[in-house]
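Engineer: Mind looking over this structure? Questions follow.
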Amino acid sequence: MRNHRKLFVIDGAIGYAGSQNLVAKDFRPGFVNRELVARTTGPIVAAMAAVVAGDWTIEGRGAVDPAPVAVPAPTGDARLQLLPSGADFPLEGFETLLVWQLHRACDRVVLVTLYFVPDEAVIGAMRCAAARGVAVHLVVSAVVDQQIVHLAQCSYFEELLVAGVRIHRYRDFLLHAKNVGIDGTLGILGSSNVDLRSFQLNEEVSLLLHDTAQIARLDQIQAGYIAASDEVRLDQWRARPRWRHLPENIARIMSPLL
């Protein structure tokens, strides 16, 4: 198991959750990351602290704090929920939530992910949503840091474009943020990519936004991603060099290992 979670808890009173690792944004020459992290206070911090304490204990380091996790008093009107997921849970939490929300979407879906290597359940849910008339937007990074994963990702583009899914490639930066917006009624941000590793192997955590104000803030950020992206058009995609098809298909076969 790989702990891919990004949680930062201060004094049991302030919590951060999102995509940010503890590295400089330009720690790799030639790549500058774009992240998305939420700063939280109130009862949700107790959930974050509990996950951190559990991870610390699993690593064999003893209890991070022998006292029970204290639940802070509410500090505002935001309605938040924490969803940890991983190989030791009975369901693939993030994937289960994503597929369920795609199937119930009525108006608009935005998926933002660095790595897009889904399974058939996610692909089918995206295609069904688009067939119902839902505006489904997939935002990925035009800047590539993992070439094999990128090739596998590209192998899904044509079937999605044919189905009516709109694909956007974010320019200039490595878009490391991972977030989802559903119909203006649910926002998700955290550590999970839309890929098999995040679904089945990694320990991940997602912050769910249930109140209108915070979802609107996420929607605004996602609109900024789309404005700073180049949209992939079906005719242009089909016109790409034919020699690209073979490595993309080979990488797709390898996708369960990526």
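In the structure tokens, each chain is lettered A, B, ... as it comes, each chain's residues begin at 1, and ligands are numbered from 1 in order of appearance.
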Restrict the calculation to only C-alpha atoms, then for each residue of stretch 100-202 of chain A with any atom at most 8 Å from an atom of stretch 245-254 of chain A give the closest atom pair and their distance in Å to one decimal, rows by chain and rising residue number, as a tab-separated table.

Structural biologist:
residue	atom	partner	partner_atom	distance
A:Ile148	CA	A:Ala251	CA	6.1
A:Val149	CA	A:Ala251	CA	7.1
A:Leu151	CA	A:Glu248	CA	4.6
A:Ala152	CA	A:Arg252	CA	4.4
A:Gln153	CA	A:Arg252	CA	7.5
A:Cys154	CA	A:Glu248	CA	6.5
A:Ser155	CA	A:Glu248	CA	5.3

Engineer: Taking N, CA, C and O atoms for each residue, export the selection above as a CSV table (one decimal), in the first residue's frame.

Structural biologist:
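Now in out_22.csv:
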chain,number,residue,atom,x,y,z
A,148,ILE,N,4.5,7.3,-20.0
A,148,ILE,CA,3.7,6.0,-20.2
A,148,ILE,C,2.3,6.3,-19.7
A,148,ILE,O,1.3,5.9,-20.4
A,149,VAL,N,2.1,6.9,-18.6
A,149,VAL,CA,0.8,7.2,-18.1
A,149,VAL,C,0.0,8.1,-19.0
A,149,VAL,O,-1.1,7.9,-19.3
A,151,LEU,N,0.5,8.3,-22.3
A,151,LEU,CA,0.0,7.6,-23.5
A,151,LEU,C,-1.2,6.7,-23.2
A,151,LEU,O,-2.1,6.7,-24.0
A,152,ALA,N,-1.2,6.1,-22.0
A,152,ALA,CA,-2.4,5.4,-21.6
A,152,ALA,C,-3.6,6.3,-21.5
A,152,ALA,O,-4.8,5.9,-22.0
A,153,GLN,N,-3.5,7.5,-20.9
A,153,GLN,CA,-4.5,8.4,-20.8
A,153,GLN,C,-5.1,8.8,-22.2
A,153,GLN,O,-6.3,8.9,-22.4
A,154,CYS,N,-4.2,9.1,-23.1
A,154,CYS,CA,-4.6,9.5,-24.5
A,154,CYS,C,-5.5,8.4,-25.2
A,154,CYS,O,-6.3,8.7,-26.0
A,155,SER,N,-5.2,7.1,-24.8
A,155,SER,CA,-6.0,6.1,-25.5
A,155,SER,C,-7.5,6.1,-25.2
A,155,SER,O,-8.3,5.5,-25.9

Engineer: Give me the residues within 12 Å of A:Pro74 as a VMD selection string, counting only C-alpha atoms and dropping any in the same chain fewer than 4 places off.

Structural biologist: chain A and resid 13 to 14 40 to 46 78 to 80

Engineer: Report, in Å to a single decimal, how far apart atom CA of A:Arg169 and atom CA of A:Asn33 are.

Structural biologist: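 Interatomic distance, atom CA of A:Asn33 to atom CA of A:Arg169: 14.5 Å.
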
Engineer: Residues at most 10 Å from A:His4, counting only C-alpha atoms, excluding those fewer than 6 positions away in the same chain, as a PyMOL selection string?

Structural biologist: chain A and resi 19+21+86+191-192+197-198+201-205

Engineer: Can you list, as a ChimeraX atom specification, every protein, DNA or RNA residue that comes within 10 Å of stretch 47-58 of chain A when you count only C-alpha atoms, leaving out same-chain residues fewer than 4 positions away?

Structural biologist: /A:3,5-17,40,43,62-66,68-71,81-84,203,205,207

Engineer: Hey, can you check how far atom CA of A:Val23 sits from atom CA of A:His210?

Structural biologist: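 Here the two named atoms are 29.8 Å from each other.
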
Engineer: Excluding A:Leu218 and residues on its chain fewer than 3 positions from it, collect all residues at most 8 Å away from it, counting only C-alpha atoms, and give them as a compact mmCIF listing (two decimals) with all heavy atoms, in the first residue's frame.

Structural biologist:
# COMPACT_ATOMS: atom_id res chain seq x y z
N GLY A 181 -16.47 18.63 -9.57
CA GLY A 181 -17.67 19.40 -9.32
C GLY A 181 -18.87 18.74 -9.97
O GLY A 181 -18.79 18.36 -11.14
N GLY A 187 -18.95 19.25 -4.25
CA GLY A 187 -17.57 19.48 -4.65
C GLY A 187 -16.67 18.48 -3.94
O GLY A 187 -16.92 18.11 -2.78
N GLN A 214 -19.10 27.17 -0.73
CA GLN A 214 -17.81 26.54 -1.00
C GLN A 214 -17.81 25.85 -2.36
O GLN A 214 -16.79 25.86 -3.07
CB GLN A 214 -17.47 25.54 0.11
CG GLN A 214 -17.45 26.13 1.51
CD GLN A 214 -16.59 27.37 1.61
OE1 GLN A 214 -15.48 27.44 1.08
NE2 GLN A 214 -17.11 28.39 2.28
N ILE A 215 -18.93 25.28 -2.74
CA ILE A 215 -19.01 24.66 -4.07
C ILE A 215 -18.86 25.73 -5.15
O ILE A 215 -18.20 25.51 -6.17
CB ILE A 215 -20.35 23.90 -4.22
CG1 ILE A 215 -20.37 22.71 -3.26
CG2 ILE A 215 -20.54 23.43 -5.65
CD1 ILE A 215 -21.74 22.06 -3.14
N ILE A 221 -12.88 28.20 -9.51
CA ILE A 221 -11.51 27.73 -9.75
C ILE A 221 -11.48 26.82 -10.98
O ILE A 221 -10.59 26.94 -11.84
CB ILE A 221 -10.98 27.01 -8.51
CG1 ILE A 221 -10.78 28.02 -7.37
CG2 ILE A 221 -9.68 26.28 -8.81
CD1 ILE A 221 -10.52 27.37 -6.03
N GLN A 222 -12.44 25.92 -11.09
CA GLN A 222 -12.47 25.02 -12.25
C GLN A 222 -12.71 25.77 -13.55
O GLN A 222 -12.14 25.42 -14.59
CB GLN A 222 -13.55 23.96 -12.03
CG GLN A 222 -13.20 22.99 -10.91
CD GLN A 222 -14.30 21.98 -10.66
OE1 GLN A 222 -15.49 22.24 -10.89
NE2 GLN A 222 -13.93 20.80 -10.17

Engineer: Taking only C-alpha atoms into account, which of A:Ala121, A:Gly184, A:Leu160, A:Ala87 comes nearest A:Trp100?

Structural biologist: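 For A:Trp100, the nearest of the candidates is A:Ala121.
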
Engineer: Give me the residues near A:Asp145 as number ranges by chain, where near means some atom within 12 Å (using only C-alpha atoms) and where sequence neighbours in that chain fewer than 4 positions away do not count.

Structural biologist: A: 28-33, 114-115, 141, 149-151, 173-176

Engineer: Check the DSSP output for the backbone and give back, as a list of chain:residue names, the residues of stretch 101-154 of chain A in strand (DSSP E).

Structural biologist: A:Arg108, A:Val109, A:Val110, A:Leu111, A:Val112, A:Phe116, A:Val117, A:Ala135, A:Val136, A:His137, A:Leu138, A:Val139, A:Val140, A:Ser141

Engineer: What residues in stretch 34-201 of chain A get the DSSP label helix (DSSP H, G or I)? Please answer as number ranges by chain.

Structural biologist: A: 44-58, 93-104, 120-131, 147-154, 157-163, 196-201
